Amino acid sequence: MGHEVVPAAVDLLRFLEPEFELVPVEIGYGKWKRVGTAMDDDDLELIGGCDCVFFGAITTPPDPEYKSVLLRLRKEFDLYANIRPYQYSGVHISQYRPVRPFSFTIVRENTEGLYSGIEEITGERATTMRVLTRKGCERIARVACKIAKQEKAEITVVHKANVLKSDIFFKNIAAQTAAQHNIPCSEAYVDAMAYHLILHPERYRVIVTTNLFGDILSDLAASLIGGLGMCPSANLGDEYGLFEPVHGSAPDIAGRGIANPIGAVLSAKMMLEWLGRYKSAALLRRAVGHVIQKRVLTPDIGGKMSTTAVASAMLKYIEEQLC
Ligand code: NAI
Ligand code: MG
């Protein structure tokens with residue numbers, strides 16, 4: 001479905017930033033079927049030569065030897081911070097009806113924890129090692145503090161330190177980092193957090209957590225704002241950024257022209273902000289608000305429109321704003 005939502009967002013990017021050089025790189029399932037590898041070293045070199053990546057979801061090939069392209073990109077460019085913002089302005093579009101408007105960001109550590117890749121299955125036993133490093137904990141906490149400072153908010157450190165020693169380590173380092181940056185800091189157990197996020201999401205502003213907990217909480221959070229099709233993300237390192245909608249390749253609806261492009265468009269907005277193109281980013285944000293207000297929406301969020309119809313309505317709105 002990357003083939004449907006990425007072009008929708010790229011059309012808007014081309015219009016807003018005509019001087020950008022867009023370098024298409026095909027990686028993923030189609031390439032794997034054709035040549036037996038989803039991404040080769042030439043692709044990596046091409047990607048590394050660009051300033052950042054705009055990524056469309058890809059299907060995981062059914063091959064036990066397959067190494068995830070996304071995990072490789074995250075490792076290769078040390079994209080340690082996964083930033084996932086969730087906003088509900090009060091205009092209702094999902095089955096779930098939040099009581100009050102809210103706006104919070106999940107800051108998920110993206111390179112270690114249970115996704116460190118140190119694991120084995122031997123006979124009757126399977127083990128996966130959960131590795132947290134001081135460097136990893138400090139730098140993700142710093143990113144959360146930076147966002148909290150911009151938003152004049154506190155950070156909430158989410159963990160399971162009542163059971164996991166590694167989370168005592170994480171929680172303490174996150175709290176120390178917050179104290180060093182003068183950012184107010186609270187904490188919550190991950191299971192309680194899942195409960196509280198549904199009941200009163202407006203209580204939270206910046207949630208910082210480890211890899212697997214962030215992965216799970218961010219899908220839960222998606223259900224609060226209309227579903228996975230609505231959710232953008234940034235994968236950031238110190239030098240490089242990869243921007244992608246949170247959703248996967250949605251094989252159940254791919255190819256039907258009804259994919260929600262909003263997650264991809266908001267990911268493009270995050271990319272523009274990262275590149276310092278704030279005016280274009282703000283226009284994309286308002287274009288999304290416009291189609292929601294006018295209910296020019298795809299079926300996943302209660303509309304009847306196609307991907308291209310939603311994208312065209314956004315483009316028209318932006319054109320009107322600029323003339
Ligand atoms: P998914 O996110 O593709 O789909 C989950 C549900 O959300 C489906 O019912 C789908 O129709 C719906 N949905 C997702 N995006 C939507 C959109 N833009 N508009 C409307 N509805 C949307 O997750 P699933 O089914 O678990 O994974 C499918 C494939 O995607 C798998 O091969 C998985 O490995 C891969 N995947 C890839 C990711 C990536 O490349 N970043 C991330 C997550 C999954
Ligand atoms: Mg996930």
# chains A, B, ... in the order shown; residues from 1 in each chain; ligands from 1
$ residues_around --residues "segment 273-280 of chain A" --least-positions-apart "6" --cutoff "9 Å" --atoms "only C-alpha atoms" --output "ChimeraX atom specification"
/A:13,16-17,51-52,241
$ closest_atom_pairs --of "chain A" --to "ligand 1" --cutoff "8 Å" --atoms "only C-alpha atoms and all ligand atoms" --output "tab-separated table"
residue	atom	partner	partner_atom_place_in_ligand_line	distance
A:Met1	CA	ligand 1	18 (N)	7.6
A:Val5	CA	ligand 1	18 (N)	7.0
A:Phe55	CA	ligand 1	41 (N)	7.8
A:Gly56	CA	ligand 1	40 (O)	6.5
A:Ala57	CA	ligand 1	40 (O)	3.4
A:Ile58	CA	ligand 1	40 (O)	4.0
A:Thr59	CA	ligand 1	32 (O)	3.6
A:Thr60	CA	ligand 1	32 (O)	3.9
A:Pro61	CA	ligand 1	32 (O)	6.8
A:Leu70	CA	ligand 1	40 (O)	6.6
A:Gly227	CA	ligand 1	7 (O)	6.9
A:Leu228	CA	ligand 1	14 (C)	5.1
A:Gly229	CA	ligand 1	18 (N)	3.5
A:Met230	CA	ligand 1	18 (N)	7.0
A:Glu244	CA	ligand 1	41 (N)	6.9
A:Pro245	CA	ligand 1	41 (N)	7.1
A:Val246	CA	ligand 1	41 (N)	6.1
A:His247	CA	ligand 1	2 (O)	3.6
A:Gly248	CA	ligand 1	3 (O)	3.2
A:Ser249	CA	ligand 1	30 (O)	4.0
A:Ala250	CA	ligand 1	3 (O)	3.2
A:Pro251	CA	ligand 1	28 (C)	5.9
A:Asp252	CA	ligand 1	11 (O)	5.3
A:Ile253	CA	ligand 1	11 (O)	5.3
A:Ala254	CA	ligand 1	11 (O)	7.6
A:Ile258	CA	ligand 1	19 (N)	6.8
A:Ala259	CA	ligand 1	19 (N)	3.8
A:Asn260	CA	ligand 1	19 (N)	3.7
A:Pro261	CA	ligand 1	18 (N)	5.7
A:Ile262	CA	ligand 1	18 (N)	7.3
A:Gly263	CA	ligand 1	18 (N)	6.6
A:Ala264	CA	ligand 1	18 (N)	7.7
A:Thr298	CA	ligand 1	20 (C)	7.3
A:Pro299	CA	ligand 1	20 (C)	7.3
A:Asp300	CA	ligand 1	20 (C)	5.0
A:Ile301	CA	ligand 1	20 (C)	7.9
$ closest_residue --among "A:Cys323, A:Met314, A:Ala148, A:Met270" --to "His290 of chain A" --atoms "only C-alpha atoms"
A:Met314
$ residues_near_ligand --ligand "ligand 2" --cutoff "9 Å" --atoms "only C-alpha atoms and all ligand atoms" --output "number ranges by chain"
A: 212, 214-219, 246-248
$ select_by_dssp --residues "segment 30-69 of chain A" --states "alpha helix (DSSP H)" --output "PyMOL selection string"
chain A and resi 30-35+41-48+69
$ write_last_selection --atoms "C-alpha atoms" --output "PDB file, in the first residue's frame"
ATOM      1  CA  GLY A  30       8.233  -6.529  -5.047  1.00  0.00           C
ATOM      2  CA  LYS A  31      12.015  -6.338  -5.325  1.00  0.00           C
ATOM      3  CA  TRP A  32      12.440  -9.406  -3.113  1.00  0.00           C
ATOM      4  CA  LYS A  33      10.116 -11.391  -5.409  1.00  0.00           C
ATOM      5  CA  ARG A  34      12.018 -10.275  -8.512  1.00  0.00           C
ATOM      6  CA  VAL A  35      15.634 -10.547  -7.358  1.00  0.00           C
ATOM      7  CA  ASP A  41      23.970  -2.364  -0.829  1.00  0.00           C
ATOM      8  CA  ASP A  42      23.425  -0.083  -3.848  1.00  0.00           C
ATOM      9  CA  ASP A  43      20.017   0.878  -2.461  1.00  0.00           C
ATOM     10  CA  LEU A  44      21.617   1.649   0.904  1.00  0.00           C
ATOM     11  CA  GLU A  45      24.254   3.815  -0.734  1.00  0.00           C
ATOM     12  CA  LEU A  46      21.635   5.720  -2.711  1.00  0.00           C
ATOM     13  CA  ILE A  47      19.573   6.236   0.428  1.00  0.00           C
ATOM     14  CA  GLY A  48      22.618   7.345   2.430  1.00  0.00           C
ATOM     15  CA  VAL A  69      14.458  -3.728   5.710  1.00  0.00           C
TER      16      VAL A  69
END
$ closest_residue --among "A:Asn172, A:Asn110, A:Ser103, A:Ser89" --to "Phe77 of chain A" --atoms "only C-alpha atoms"
A:Asn110
$ residues_around --residues "Leu164 of chain A" --least-positions-apart "4" --cutoff "12 Å" --atoms "only C-alpha atoms" --output "PyMOL selection string"
chain A and resi 113+130-132+159-160+168-171+189-190
$ closest_residue --among "A:Ala8, A:Ala174, A:Met271, A:Ile155" --to "Gly136 of chain A" --atoms "only C-alpha atoms"
A:Ala174
$ select_by_dssp --residues "segment 75-281 of chain A" --states "strand (DSSP E or B)" --output "number ranges by chain"
A: 81-88, 102-109, 113, 119-122, 125-128, 131, 155-159, 185-189, 206-209, 232-236, 241-245
$ atom_distance --atom1 "atom CA of Val291 of chain A" --atom2 "atom CA of Ile225 of chain A"
14.9 Å
$ residues_around --residues "Thr177 of chain A" --least-positions-apart "4" --cutoff "12 Å" --atoms "only C-alpha atoms" --output "compact mmCIF listing (two decimals) with N, CA, C and O atoms, in the first residue's frame"
# COMPACT_ATOMS: atom_id res chain seq x y z
N ARG A 134 23.24 2.42 28.73
CA ARG A 134 23.15 3.76 29.31
C ARG A 134 23.03 4.80 28.19
O ARG A 134 22.20 5.70 28.23
N LYS A 135 23.90 4.63 27.16
CA LYS A 135 23.86 5.56 26.04
C LYS A 135 22.46 5.59 25.39
O LYS A 135 21.90 6.65 25.11
N GLY A 136 21.91 4.39 25.17
CA GLY A 136 20.59 4.29 24.53
C GLY A 136 19.50 4.95 25.37
O GLY A 136 18.63 5.65 24.85
N CYS A 137 19.54 4.70 26.69
CA CYS A 137 18.51 5.27 27.58
C CYS A 137 18.67 6.79 27.66
O CYS A 137 17.67 7.53 27.63
N GLU A 138 19.91 7.24 27.77
CA GLU A 138 20.13 8.69 27.90
C GLU A 138 19.68 9.43 26.66
O GLU A 138 19.00 10.46 26.74
N ARG A 139 20.04 8.90 25.49
CA ARG A 139 19.73 9.69 24.29
C ARG A 139 18.23 9.71 23.97
O ARG A 139 17.72 10.72 23.50
N ILE A 140 17.52 8.62 24.28
CA ILE A 140 16.07 8.67 24.02
C ILE A 140 15.39 9.60 25.04
O ILE A 140 14.45 10.33 24.70
N ALA A 141 15.90 9.59 26.27
CA ALA A 141 15.33 10.51 27.27
C ALA A 141 15.61 11.97 26.88
O ALA A 141 14.76 12.84 27.08
N ARG A 142 16.79 12.21 26.30
CA ARG A 142 17.11 13.59 25.86
C ARG A 142 16.14 14.06 24.78
O ARG A 142 15.68 15.20 24.78
N VAL A 143 15.82 13.15 23.83
CA VAL A 143 14.87 13.52 22.76
C VAL A 143 13.51 13.87 23.38
O VAL A 143 12.88 14.87 23.02
N ALA A 144 13.07 13.04 24.34
CA ALA A 144 11.77 13.30 24.99
C ALA A 144 11.81 14.66 25.70
O ALA A 144 10.84 15.43 25.64
N CYS A 145 12.93 14.95 26.36
CA CYS A 145 13.04 16.22 27.09
C CYS A 145 12.99 17.41 26.13
O CYS A 145 12.39 18.45 26.42
N LYS A 146 13.63 17.24 24.97
CA LYS A 146 13.64 18.32 23.98
C LYS A 146 12.20 18.63 23.52
O LYS A 146 11.78 19.79 23.44
N ILE A 155 7.53 14.93 30.98
CA ILE A 155 7.62 13.62 30.34
C ILE A 155 7.08 12.56 31.30
O ILE A 155 7.14 12.71 32.52
N VAL A 157 7.64 8.61 31.99
CA VAL A 157 8.50 7.47 31.69
C VAL A 157 7.69 6.19 31.91
O VAL A 157 7.18 5.96 33.01
N PHE A 170 16.44 1.73 33.11
CA PHE A 170 15.88 2.70 32.16
C PHE A 170 15.19 3.86 32.88
O PHE A 170 15.43 5.04 32.60
N LYS A 171 14.36 3.52 33.84
CA LYS A 171 13.58 4.54 34.55
C LYS A 171 14.49 5.51 35.30
O LYS A 171 14.28 6.72 35.28
N ASN A 172 15.51 4.98 35.95
CA ASN A 172 16.42 5.85 36.70
C ASN A 172 17.19 6.79 35.78
O ASN A 172 17.32 7.99 36.06
N ILE A 173 17.67 6.26 34.67
CA ILE A 173 18.42 7.11 33.74
C ILE A 173 17.51 8.17 33.13
O ILE A 173 17.89 9.35 33.01
N HIS A 181 17.80 18.31 32.65
CA HIS A 181 17.23 19.26 31.68
C HIS A 181 16.11 20.10 32.29
O HIS A 181 15.41 20.81 31.56
N ASN A 182 15.91 19.97 33.59
CA ASN A 182 14.84 20.72 34.27
C ASN A 182 13.46 20.45 33.69
O ASN A 182 12.64 21.37 33.53
N ILE A 183 13.22 19.23 33.32
CA ILE A 183 11.91 18.86 32.77
C ILE A 183 11.17 18.04 33.83
O ILE A 183 11.71 17.04 34.32
N PRO A 184 9.95 18.45 34.19
CA PRO A 184 9.19 17.64 35.15
C PRO A 184 8.98 16.23 34.61
O PRO A 184 8.78 16.04 33.39
N CYS A 185 9.03 15.26 35.50
CA CYS A 185 9.01 13.87 35.05
C CYS A 185 8.10 13.05 35.95
O CYS A 185 8.19 13.13 37.18
N VAL A 208 7.78 8.56 27.15
CA VAL A 208 9.04 7.98 26.65
C VAL A 208 9.14 6.55 27.16
O VAL A 208 8.89 6.27 28.34
$ atom_distance --atom1 "atom CA of Leu12 of chain A" --atom2 "atom CA of Val91 of chain A"
23.6 Å
$ closest_residue --among "A:Leu283, A:Ile292, A:Met305, A:Ala221" --to "Gly90 of chain A" --atoms "only C-alpha atoms"
A:Ile292
$ residues_around --residues "Lys75 of chain A" --least-positions-apart "2" --cutoff "12 Å" --atoms "only C-alpha atoms" --output "PyMOL selection string"
chain A and resi 44+67-73+77-81+109-112+115-117+235-237+240+242
$ write_last_selection --atoms "N, CA and C atoms" --output "CSV table (one decimal), in the first residue's frame"
chain,number,residue,atom,x,y,z
A,44,LEU,N,21.2,1.0,-0.3
A,44,LEU,CA,21.6,1.6,0.9
A,44,LEU,C,22.5,2.9,0.6
A,67,LYS,N,15.6,-10.6,6.5
A,67,LYS,CA,15.9,-9.6,7.6
A,67,LYS,C,15.2,-8.3,7.2
A,68,SER,N,14.5,-7.8,8.2
A,68,SER,CA,13.6,-6.6,8.0
A,68,SER,C,14.4,-5.4,7.5
A,69,VAL,N,13.9,-4.9,6.3
A,69,VAL,CA,14.5,-3.7,5.7
A,69,VAL,C,14.4,-2.5,6.7
A,70,LEU,N,13.3,-2.4,7.3
A,70,LEU,CA,13.1,-1.2,8.2
A,70,LEU,C,14.1,-1.3,9.4
A,71,LEU,N,14.2,-2.5,10.0
A,71,LEU,CA,15.1,-2.7,11.1
A,71,LEU,C,16.6,-2.4,10.6
A,72,ARG,N,16.9,-2.8,9.4
A,72,ARG,CA,18.2,-2.6,8.9
A,72,ARG,C,18.5,-1.1,8.7
A,73,LEU,N,17.5,-0.4,8.1
A,73,LEU,CA,17.6,1.1,7.9
A,73,LEU,C,17.8,1.8,9.3
A,77,PHE,N,21.4,3.7,9.9
A,77,PHE,CA,21.5,5.2,10.1
A,77,PHE,C,21.3,5.6,11.5
A,78,ASP,N,21.4,4.6,12.4
A,78,ASP,CA,21.2,4.8,13.9
A,78,ASP,C,20.0,5.7,14.2
A,79,LEU,N,18.9,5.3,13.7
A,79,LEU,CA,17.7,6.0,13.9
A,79,LEU,C,17.0,5.6,15.2
A,80,TYR,N,17.6,6.2,16.3
A,80,TYR,CA,17.3,5.6,17.6
A,80,TYR,C,16.0,6.1,18.2
A,81,ALA,N,15.4,7.2,17.6
A,81,ALA,CA,14.2,7.8,18.2
A,81,ALA,C,13.0,7.7,17.3
A,109,GLU,N,12.1,4.2,22.0
A,109,GLU,CA,13.5,3.8,21.7
A,109,GLU,C,13.5,2.8,20.6
A,110,ASN,N,14.3,3.0,19.6
A,110,ASN,CA,14.1,2.3,18.3
A,110,ASN,C,15.2,1.3,17.9
A,111,THR,N,16.2,1.1,18.7
A,111,THR,CA,17.3,0.3,18.3
A,111,THR,C,17.7,-0.8,19.2
A,112,GLU,N,17.2,-0.8,20.5
A,112,GLU,CA,17.7,-1.8,21.4
A,112,GLU,C,16.5,-2.5,22.1
A,115,TYR,N,14.2,-5.7,20.8
A,115,TYR,CA,14.5,-5.8,19.3
A,115,TYR,C,16.0,-5.8,19.0
A,116,SER,N,16.8,-6.1,20.0
A,116,SER,CA,18.2,-6.1,19.8
A,116,SER,C,18.7,-7.2,18.9
A,117,GLY,N,17.9,-8.2,18.7
A,117,GLY,CA,18.2,-9.3,17.8
A,117,GLY,C,19.1,-10.4,18.4
A,235,ASN,N,11.5,8.6,12.3
A,235,ASN,CA,12.6,7.8,12.9
A,235,ASN,C,13.9,8.6,12.8
A,236,LEU,N,14.3,9.1,14.0
A,236,LEU,CA,15.4,10.1,13.9
A,236,LEU,C,16.7,9.6,14.6
A,237,GLY,N,17.8,9.9,13.9
A,237,GLY,CA,19.1,9.8,14.5
A,237,GLY,C,19.7,11.2,14.7
A,240,TYR,N,20.3,11.9,10.6
A,240,TYR,CA,19.5,11.4,9.5
A,240,TYR,C,18.1,11.2,10.0
A,242,LEU,N,14.1,9.3,8.9
A,242,LEU,CA,13.3,8.5,8.0
A,242,LEU,C,11.8,8.7,8.5
$ closest_residue --among "A:Arg108, A:Tyr204, A:Thr307, A:Gly226" --to "Glu154 of chain A" --atoms "only C-alpha atoms"
A:Tyr204
